[in-house]
Amino acid sequence: MRSPAPTDARIGIVGAGPGGLTCARILQRHGIAVTVYDRDPHPRARDQGGTLDLHADDGQHALREAGLIERFFELARPEGQEMRLLDPSGRLLDHHVPAADELFKPEIDRGRLRDLLLGSLEPGTVRWGHAVEEVAGPAEGPRRLCFADGTSAETDLVIGADGAFSRVRPAVSPAVPGYTGVSFLEAWFQDVDNAHPELAALVGQGGATAADGDRALFAQRNGGDHIRVYVIQRLPADWISANGLSLADTAGLRAWLLDAFSGWSPALLRMITGNDGPYVDRPLFALPVPHVWERSPSVTLLGDAAHLMPPLGVGANLAMLDACELALALAGSATVGDAVEAYEKSMLPRAAEAARMLEHGAEALLERHERGELAAFAPPRR
């Protein structure tokens, strides 16, 4: 089958996250029809996660191509770039306070970003309740998206934007994510200025982190007077059940964590003992480095589906940059196959370079901090 022109192609994006929605928005701006399929029954079906820092040279670049950068800056929280580095005793080691005009990586809640992107799409673009089970059909296309409810849809290009455990990825790659050896336990704090004033003062308007070499705490203010805390530990992926615990046993988990973090400052231990509601288990996975595949003119990947890495502030930004470059390649190429080739020639080396830099990034989250380390992470002024 000859690869069709992008304007004539049936393009299906799997996954309505930042990457998939950014790609759809830019395609529509260039007059290219697209359908997004997502497994969630509706856009409010589940929590979208915490806050993101969108960088000037990737996430913001993609929003500029999407025609949404002005609205982004209206919604973003530049004050969220504040960062505090502590030691386990609670002593402040370093403190980055953003300048008034600092816009290199302002924060925005994932849910708010998703709403911005969803609201920019043509009505009916996203088909909710369409959980893809597999991608069938020949490599040259067309492909068939097979859904969990037994229905299917034929497409000329499948774009896998469906995250870490992508159902699209097996169509081009046998790679599966592996456990990094580091696990996050997420805790939520609501109405923090009133209900948790000590924690609110400790975290400030951005984030605060402390580590001792084996474990770490990272707290980050979200919009709406919320704080999310990530308890970071080097443990087996099944550590909760292996210790006779469960996520439903909040008191038991707290007691176990207090023992693991014994000797830490009481101010920091509030991140463990004061959370509202249950913990959320988030073991960290990553794809092999580099992750490459034999090119197909009918399937490609972006974001975590293509290059899952430890969560060090690049995942959503790279996904949105991938989405932007793929959409622009489709807008500027004679055929879908030509666009996929141009996109992957750029994306795969870039992703491999980033993945190599972050290959042991999960371990780096646990490293003991020293005074002045934040200077290396302070954003340039743009």
# chains A, B, ... in the order shown; residues from 1 in each chain; ligands from 1
call {"tool": "closest_atom_pairs", "arguments": {"of": "region 154-221 of chain A", "to": "region 26-43 of chain A", "cutoff": "10 Å", "atoms": "only C-alpha atoms", "output": "tab-separated table"}}
result
residue	atom	partner	partner_atom	distance
A:Thr155	CA	A:Thr35	CA	9.7
A:Leu157	CA	A:Val34	CA	9.8
A:Val158	CA	A:Val36	CA	9.9
A:Ile159	CA	A:Val36	CA	9.3
A:Ala161	CA	A:Val36	CA	9.6
A:Asp162	CA	A:Asp38	CA	8.3
call {"tool": "select_by_dssp", "arguments": {"residues": "region 213-278 of chain A", "states": "helix (DSSP H, G or I)", "output": "PyMOL selection string"}}
result
chain A and resi 239-242+250-260+266-273
call {"tool": "write_last_selection", "arguments": {"atoms": "N, CA, C and O atoms", "output": "mmCIF file, in the first residue's frame"}}
result
data_model
loop_
_atom_site.group_PDB
_atom_site.id
_atom_site.type_symbol
_atom_site.label_atom_id
_atom_site.label_comp_id
_atom_site.auth_asym_id
_atom_site.auth_seq_id
_atom_site.Cartn_x
_atom_site.Cartn_y
_atom_site.Cartn_z
ATOM 1 N N TRP A 239 7.276 -4.019 47.852
ATOM 2 C CA TRP A 239 7.657 -3.844 49.245
ATOM 3 C C TRP A 239 6.458 -3.723 50.185
ATOM 4 O O TRP A 239 6.527 -4.143 51.350
ATOM 5 N N ILE A 240 5.353 -3.196 49.708
ATOM 6 C CA ILE A 240 4.194 -3.014 50.587
ATOM 7 C C ILE A 240 3.635 -4.366 51.009
ATOM 8 O O ILE A 240 3.508 -4.672 52.206
ATOM 9 N N SER A 241 3.312 -5.217 50.041
ATOM 10 C CA SER A 241 2.766 -6.531 50.383
ATOM 11 C C SER A 241 3.807 -7.408 51.062
ATOM 12 O O SER A 241 3.479 -8.213 51.948
ATOM 13 N N ALA A 242 5.080 -7.257 50.678
ATOM 14 C CA ALA A 242 6.141 -8.070 51.282
ATOM 15 C C ALA A 242 6.298 -7.790 52.771
ATOM 16 O O ALA A 242 6.791 -8.637 53.522
ATOM 17 N N THR A 250 -3.513 2.799 55.988
ATOM 18 C CA THR A 250 -2.751 4.039 56.084
ATOM 19 C C THR A 250 -1.960 4.109 57.386
ATOM 20 O O THR A 250 -0.792 4.507 57.386
ATOM 21 N N ALA A 251 -2.567 3.715 58.490
ATOM 22 C CA ALA A 251 -1.880 3.774 59.780
ATOM 23 C C ALA A 251 -0.677 2.845 59.795
ATOM 24 O O ALA A 251 0.394 3.202 60.314
ATOM 25 N N GLY A 252 -0.833 1.650 59.250
ATOM 26 C CA GLY A 252 0.281 0.708 59.210
ATOM 27 C C GLY A 252 1.424 1.206 58.343
ATOM 28 O O GLY A 252 2.603 1.069 58.698
ATOM 29 N N LEU A 253 1.104 1.805 57.204
ATOM 30 C CA LEU A 253 2.134 2.364 56.334
ATOM 31 C C LEU A 253 2.851 3.528 57.012
ATOM 32 O O LEU A 253 4.076 3.657 56.920
ATOM 33 N N ARG A 254 2.094 4.373 57.695
ATOM 34 C CA ARG A 254 2.714 5.490 58.405
ATOM 35 C C ARG A 254 3.709 4.988 59.450
ATOM 36 O O ARG A 254 4.817 5.533 59.577
ATOM 37 N N ALA A 255 3.302 3.983 60.209
ATOM 38 C CA ALA A 255 4.195 3.454 61.241
ATOM 39 C C ALA A 255 5.469 2.887 60.611
ATOM 40 O O ALA A 255 6.580 3.088 61.123
ATOM 41 N N TRP A 256 5.324 2.185 59.492
ATOM 42 C CA TRP A 256 6.491 1.607 58.815
ATOM 43 C C TRP A 256 7.413 2.719 58.313
ATOM 44 O O TRP A 256 8.636 2.642 58.460
ATOM 45 N N LEU A 257 6.824 3.760 57.740
ATOM 46 C CA LEU A 257 7.624 4.868 57.212
ATOM 47 C C LEU A 257 8.316 5.640 58.327
ATOM 48 O O LEU A 257 9.474 6.052 58.183
ATOM 49 N N LEU A 258 7.635 5.839 59.440
ATOM 50 C CA LEU A 258 8.265 6.546 60.562
ATOM 51 C C LEU A 258 9.480 5.782 61.068
ATOM 52 O O LEU A 258 10.487 6.382 61.462
ATOM 53 N N ASP A 259 9.396 4.481 61.046
ATOM 54 C CA ASP A 259 10.557 3.680 61.446
ATOM 55 C C ASP A 259 11.679 3.823 60.417
ATOM 56 O O ASP A 259 12.856 3.979 60.779
ATOM 57 N N ALA A 260 11.321 3.794 59.122
ATOM 58 C CA ALA A 260 12.339 3.910 58.070
ATOM 59 C C ALA A 260 13.006 5.277 58.092
ATOM 60 O O ALA A 260 14.202 5.405 57.797
ATOM 61 N N PRO A 266 11.221 16.359 62.896
ATOM 62 C CA PRO A 266 9.752 16.298 63.011
ATOM 63 C C PRO A 266 9.044 17.151 61.975
ATOM 64 O O PRO A 266 7.949 16.792 61.516
ATOM 65 N N ALA A 267 9.652 18.280 61.599
ATOM 66 C CA ALA A 267 9.030 19.130 60.579
ATOM 67 C C ALA A 267 8.915 18.391 59.250
ATOM 68 O O ALA A 267 7.896 18.499 58.547
ATOM 69 N N LEU A 268 9.945 17.629 58.880
ATOM 70 C CA LEU A 268 9.903 16.865 57.637
ATOM 71 C C LEU A 268 8.994 15.648 57.770
ATOM 72 O O LEU A 268 8.336 15.249 56.799
ATOM 73 N N LEU A 269 8.932 15.058 58.958
ATOM 74 C CA LEU A 269 8.099 13.870 59.140
ATOM 75 C C LEU A 269 6.613 14.179 59.015
ATOM 76 O O LEU A 269 5.804 13.263 58.843
ATOM 77 N N ARG A 270 6.234 15.471 59.067
ATOM 78 C CA ARG A 270 4.837 15.827 58.802
ATOM 79 C C ARG A 270 4.420 15.402 57.398
ATOM 80 O O ARG A 270 3.240 15.187 57.126
ATOM 81 N N MET A 271 5.396 15.319 56.502
ATOM 82 C CA MET A 271 5.088 14.864 55.144
ATOM 83 C C MET A 271 4.629 13.408 55.128
ATOM 84 O O MET A 271 3.979 12.965 54.180
ATOM 85 N N ILE A 272 4.958 12.661 56.179
ATOM 86 C CA ILE A 272 4.580 11.254 56.286
ATOM 87 C C ILE A 272 3.327 11.080 57.136
ATOM 88 O O ILE A 272 2.476 10.240 56.837
ATOM 89 N N THR A 273 3.212 11.867 58.192
ATOM 90 C CA THR A 273 2.181 11.598 59.193
ATOM 91 C C THR A 273 0.917 12.422 59.027
ATOM 92 O O THR A 273 -0.100 12.109 59.642
#
call {"tool": "atom_distance", "arguments": {"atom1": "CA of Glu198 (chain A)", "atom2": "CA of Trp264 (chain A)"}}
result
15.9 Å
call {"tool": "residues_around", "arguments": {"residues": "Ala327 (chain A)", "least_positions_apart": "4", "cutoff": "10 Å", "atoms": "only C-alpha atoms", "output": "ChimeraX atom specification"}}
result
/A:6,22-30,32,65,321-323,331-332,339-340,343
call {"tool": "write_last_selection", "arguments": {"atoms": "N, CA and C atoms", "output": "PDB file, in the first residue's frame"}}
result
ATOM      1  N   PRO A   6      -0.896  13.162   4.266  1.00  0.00           N
ATOM      2  CA  PRO A   6      -1.466  13.405   5.599  1.00  0.00           C
ATOM      3  C   PRO A   6      -2.868  13.999   5.576  1.00  0.00           C
ATOM      4  N   THR A  22      -1.624  17.587  22.481  1.00  0.00           N
ATOM      5  CA  THR A  22      -0.826  18.601  21.786  1.00  0.00           C
ATOM      6  C   THR A  22      -0.695  18.258  20.311  1.00  0.00           C
ATOM      7  N   CYS A  23      -0.437  16.999  20.023  1.00  0.00           N
ATOM      8  CA  CYS A  23      -0.312  16.576  18.628  1.00  0.00           C
ATOM      9  C   CYS A  23      -1.620  16.822  17.882  1.00  0.00           C
ATOM     10  N   ALA A  24      -2.740  16.454  18.493  1.00  0.00           N
ATOM     11  CA  ALA A  24      -4.037  16.648  17.844  1.00  0.00           C
ATOM     12  C   ALA A  24      -4.309  18.123  17.575  1.00  0.00           C
ATOM     13  N   ARG A  25      -4.009  18.973  18.551  1.00  0.00           N
ATOM     14  CA  ARG A  25      -4.261  20.411  18.391  1.00  0.00           C
ATOM     15  C   ARG A  25      -3.455  21.001  17.238  1.00  0.00           C
ATOM     16  N   ILE A  26      -2.171  20.665  17.159  1.00  0.00           N
ATOM     17  CA  ILE A  26      -1.337  21.231  16.095  1.00  0.00           C
ATOM     18  C   ILE A  26      -1.745  20.681  14.737  1.00  0.00           C
ATOM     19  N   LEU A  27      -2.100  19.403  14.672  1.00  0.00           N
ATOM     20  CA  LEU A  27      -2.593  18.850  13.412  1.00  0.00           C
ATOM     21  C   LEU A  27      -3.837  19.600  12.948  1.00  0.00           C
ATOM     22  N   GLN A  28      -4.779  19.829  13.845  1.00  0.00           N
ATOM     23  CA  GLN A  28      -6.000  20.526  13.449  1.00  0.00           C
ATOM     24  C   GLN A  28      -5.716  21.958  13.016  1.00  0.00           C
ATOM     25  N   ARG A  29      -4.744  22.596  13.634  1.00  0.00           N
ATOM     26  CA  ARG A  29      -4.376  23.959  13.210  1.00  0.00           C
ATOM     27  C   ARG A  29      -3.860  23.978  11.772  1.00  0.00           C
ATOM     28  N   HIS A  30      -3.341  22.833  11.320  1.00  0.00           N
ATOM     29  CA  HIS A  30      -2.816  22.733   9.954  1.00  0.00           C
ATOM     30  C   HIS A  30      -3.807  22.036   9.016  1.00  0.00           C
ATOM     31  N   ILE A  32      -5.416  19.156   9.312  1.00  0.00           N
ATOM     32  CA  ILE A  32      -5.299  17.699   9.206  1.00  0.00           C
ATOM     33  C   ILE A  32      -6.251  17.062  10.204  1.00  0.00           C
ATOM     34  N   GLU A  65       3.366  26.610  19.189  1.00  0.00           N
ATOM     35  CA  GLU A  65       2.925  26.073  17.894  1.00  0.00           C
ATOM     36  C   GLU A  65       1.444  25.721  17.921  1.00  0.00           C
ATOM     37  N   LEU A 321       7.126  18.102  23.029  1.00  0.00           N
ATOM     38  CA  LEU A 321       8.025  18.410  21.911  1.00  0.00           C
ATOM     39  C   LEU A 321       7.914  17.349  20.823  1.00  0.00           C
ATOM     40  N   ASP A 322       7.860  16.064  21.223  1.00  0.00           N
ATOM     41  CA  ASP A 322       7.616  14.992  20.245  1.00  0.00           C
ATOM     42  C   ASP A 322       6.353  15.277  19.453  1.00  0.00           C
ATOM     43  N   ALA A 323       5.278  15.580  20.178  1.00  0.00           N
ATOM     44  CA  ALA A 323       3.979  15.817  19.546  1.00  0.00           C
ATOM     45  C   ALA A 323       4.046  16.956  18.547  1.00  0.00           C
ATOM     46  N   ALA A 331       2.382  17.919   8.696  1.00  0.00           N
ATOM     47  CA  ALA A 331       1.895  19.090   7.961  1.00  0.00           C
ATOM     48  C   ALA A 331       2.804  19.456   6.799  1.00  0.00           C
ATOM     49  N   GLY A 332       4.074  19.069   6.871  1.00  0.00           N
ATOM     50  CA  GLY A 332       5.025  19.491   5.850  1.00  0.00           C
ATOM     51  C   GLY A 332       5.531  18.397   4.943  1.00  0.00           C
ATOM     52  N   ALA A 339       6.649  11.598   6.709  1.00  0.00           N
ATOM     53  CA  ALA A 339       6.567  12.348   7.964  1.00  0.00           C
ATOM     54  C   ALA A 339       7.084  11.517   9.129  1.00  0.00           C
ATOM     55  N   VAL A 340       6.703  10.254   9.183  1.00  0.00           N
ATOM     56  CA  VAL A 340       7.175   9.380  10.259  1.00  0.00           C
ATOM     57  C   VAL A 340       8.693   9.246  10.205  1.00  0.00           C
ATOM     58  N   TYR A 343      10.279  12.541  11.436  1.00  0.00           N
ATOM     59  CA  TYR A 343      10.074  12.687  12.875  1.00  0.00           C
ATOM     60  C   TYR A 343      10.997  11.764  13.670  1.00  0.00           C
TER      61      TYR A 343
END
call {"tool": "residues_around", "arguments": {"residues": "Ser120 (chain A)", "least_positions_apart": "4", "cutoff": "9 Å", "atoms": "only C-alpha atoms", "output": "short mmCIF file (atom, residue, chain, number, x, y, z; two decimals) with N, CA, C and O atoms, in the first residue's frame"}}
result
data_model
loop_
_atom_site.label_atom_id
_atom_site.label_comp_id
_atom_site.auth_asym_id
_atom_site.auth_seq_id
_atom_site.Cartn_x
_atom_site.Cartn_y
_atom_site.Cartn_z
N ARG A 25 -4.01 18.97 18.55
CA ARG A 25 -4.26 20.41 18.39
C ARG A 25 -3.46 21.00 17.24
O ARG A 25 -3.98 21.75 16.41
N ALA A 66 0.94 25.41 19.12
CA ALA A 66 -0.48 25.08 19.27
C ALA A 66 -1.35 26.32 19.38
O ALA A 66 -2.59 26.21 19.44
N LEU A 68 -1.45 28.36 21.97
CA LEU A 68 -2.00 28.39 23.33
C LEU A 68 -1.07 29.00 24.35
O LEU A 68 -1.34 28.94 25.55
N ASP A 115 -7.16 20.38 30.50
CA ASP A 115 -8.37 21.12 30.15
C ASP A 115 -8.10 22.17 29.08
O ASP A 115 -8.92 22.39 28.18
N LEU A 116 -6.95 22.84 29.18
CA LEU A 116 -6.58 23.83 28.16
C LEU A 116 -6.49 23.18 26.79
O LEU A 116 -7.04 23.71 25.80
#
call {"tool": "residues_around", "arguments": {"residues": "Val314 (chain A)", "least_positions_apart": "2", "cutoff": "12 Å", "atoms": "only C-alpha atoms", "output": "JSON, numbers by chain"}}
result
{"A": [52, 53, 54, 55, 56, 57, 58, 59, 105, 303, 304, 307, 308, 309, 310, 311, 312, 316, 317, 318, 319, 320, 321, 322, 351, 354, 355, 357, 358, 361]}
call {"tool": "closest_residue", "arguments": {"among": "A:Val182, A:Leu217, A:Ala286, A:Ala139", "to": "Leu85 (chain A)", "atoms": "only C-alpha atoms"}}
result
A:Leu217
call {"tool": "closest_residue", "arguments": {"among": "A:Gly20, A:Gly15, A:Gly204, A:Gly111", "to": "Asp47 (chain A)", "atoms": "only C-alpha atoms"}}
result
A:Gly111
call {"tool": "select_by_dssp", "arguments": {"residues": "region 68-188 of chain A", "states": "strand (DSSP E or B)", "output": "JSON, numbers by chain"}}
result
{"A": [77, 83, 84, 85, 86, 92, 93, 94, 95, 96, 107, 108, 109, 126, 127, 132, 133, 134, 135, 136, 143, 144, 145, 146, 147, 152, 153, 154, 155, 157, 158, 159, 160, 178, 179, 180, 181, 182, 183, 184, 185, 186, 187, 188]}
call {"tool": "residues_around", "arguments": {"residues": "Ala99 (chain A)", "least_positions_apart": "2", "cutoff": "10 Å", "atoms": "only C-alpha atoms", "output": "MDAnalysis selection string"}}
result
chainID A and resid 78:79 81:82 96:97 101:103 381
call {"tool": "write_last_selection", "arguments": {"atoms": "N, CA and C atoms", "output": "mmCIF file, in the first residue's frame"}}
result
data_model
loop_
_atom_site.group_PDB
_atom_site.id
_atom_site.type_symbol
_atom_site.label_atom_id
_atom_site.label_comp_id
_atom_site.auth_asym_id
_atom_site.auth_seq_id
_atom_site.Cartn_x
_atom_site.Cartn_y
_atom_site.Cartn_z
ATOM 1 N N PRO A 78 4.250 30.983 37.877
ATOM 2 C CA PRO A 78 5.701 31.219 37.878
ATOM 3 C C PRO A 78 6.312 31.112 39.264
ATOM 4 N N GLU A 79 5.538 31.446 40.307
ATOM 5 C CA GLU A 79 6.057 31.343 41.669
ATOM 6 C C GLU A 79 6.368 29.898 42.062
ATOM 7 N N GLN A 81 8.269 28.006 40.638
ATOM 8 C CA GLN A 81 9.674 27.695 40.358
ATOM 9 C C GLN A 81 10.555 27.802 41.610
ATOM 10 N N GLU A 82 9.974 28.279 42.712
ATOM 11 C CA GLU A 82 10.726 28.320 43.971
ATOM 12 C C GLU A 82 11.129 26.900 44.376
ATOM 13 N N HIS A 96 16.127 28.549 46.020
ATOM 14 C CA HIS A 96 15.979 29.319 44.779
ATOM 15 C C HIS A 96 14.640 30.046 44.800
ATOM 16 N N VAL A 97 14.684 31.369 44.730
ATOM 17 C CA VAL A 97 13.479 32.190 44.640
ATOM 18 C C VAL A 97 13.445 32.783 43.236
ATOM 19 N N ASP A 101 10.330 38.175 36.675
ATOM 20 C CA ASP A 101 10.108 37.950 35.247
ATOM 21 C C ASP A 101 10.609 36.574 34.792
ATOM 22 N N GLU A 102 10.833 35.674 35.723
ATOM 23 C CA GLU A 102 11.388 34.362 35.370
ATOM 24 C C GLU A 102 10.287 33.450 34.847
ATOM 25 N N LEU A 103 10.368 33.085 33.582
ATOM 26 C CA LEU A 103 9.336 32.268 32.947
ATOM 27 C C LEU A 103 9.931 31.060 32.238
ATOM 28 N N ARG A 381 17.520 33.065 32.903
ATOM 29 C CA ARG A 381 16.476 34.045 32.672
ATOM 30 C C ARG A 381 16.300 34.248 31.171
#
call {"tool": "closest_atom_pairs", "arguments": {"of": "region 264-310 of chain A", "to": "region 222-237 of chain A", "cutoff": "10 Å", "atoms": "only C-alpha atoms", "output": "Markdown table"}}
result
| residue | atom | partner | partner_atom | distance |
| --- | --- | --- | --- | --- |
| A:Met271 | CA | A:Val229 | CA | 6.4 |
| A:Ile272 | CA | A:Val231 | CA | 7.7 |
| A:Asn275 | CA | A:Val229 | CA | 8.6 |
| A:Tyr279 | CA | A:Tyr230 | CA | 9.6 |
| A:Val280 | CA | A:Tyr230 | CA | 9.3 |
| A:Asp281 | CA | A:Ala237 | CA | 9.4 |
| A:Arg282 | CA | A:Ala237 | CA | 9.1 |
| A:Pro283 | CA | A:Ala237 | CA | 6.1 |
| A:Leu284 | CA | A:Ala237 | CA | 8.5 |
| A:Phe285 | CA | A:Ala237 | CA | 9.7 |
